[in-house]
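Only one structure is covered here, and it is reproduced in the block below.
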Amino acid sequence: MNKKIPMRMCVACRVMQPKKTLIRIVRSPEDGVCVDLTGKKSGKGAYLCRKAECIEKARKTSALKRALDADIPQDIYKELSDNAQ
């Protein structure tokens, strides 16, 4: 029996991809906005491709800010860039 693969959409390029291939960014009341590499933290989440182009596009177009309805600190983009392929 085939197992269903969870799919999520990148907020920058708007392409559906398997959840495991994307980076999750979370807004939670306790921690604020943070990168969730495990994909298990509680809070409102948004997904980004691990491509440098998508991370830059999300920064320029404020896609993460709109998706999470919160201001995104610059150190989040630096952490995302460090995890890019």
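By order of appearance in the structure tokens: chains A, B, ..., then residues from 1 within every chain, and ligands from 1 in the order shown.
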
Exercise: Ile55 in chain A partners within 9 Å, only C-alpha atoms, chain neighbours under 4 positions left out, as number ranges by chain: A: 12, 48-51, 59-60, 77, 80-81, 84

Excluding same-chain residues fewer than 2 positions from range 62-74 of chain A, what lies within 12 Å of it counting only C-alpha atoms, as a ChimeraX atom specification? /A:9-14,23-29,32-35,43-48,54-60,76-81

Could you give me, as an MDAnalysis selection string, each residue of range 47-83 of chain A that DSSP assigns to alpha helix (DSSP H) when run on this structure's backbone? chainID A and resid 52:61 63:68 74:82

Considering only C-alpha atoms, can you say which of A:Ala52, A:Asp82, A:Thr61, A:Gly39 comes closest to Lys20 in chain A? A:Gly39

Using CA of Lys41 in chain A and CA of Val15 in chain A as the two end points, give the distance in Å to one decimal.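 Value for the CA of Lys41 in chain A-CA of Val15 in chain A distance: 22.9 Å.
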
Would you work out the distance separating CA of Lys19 in chain A from CA of Ile5 in chain A, expressed in Å to one decimal?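 Separation between CA of Lys19 in chain A and CA of Ile5 in chain A: 7.8 Å.
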
Between CA of Met7 in chain A and CA of Leu37 in chain A, what is the distance in Å, rounded to a tenth?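 Answer for the CA of Met7 in chain A to CA of Leu37 in chain A separation: 16.2 Å.
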
If you run DSSP on the backbone here, which positions in chain A get strand (DSSP E)? Please write them as an MDAnalysis selection string. chainID A and resid 7:9 16:18 23:28 32:36 44:48
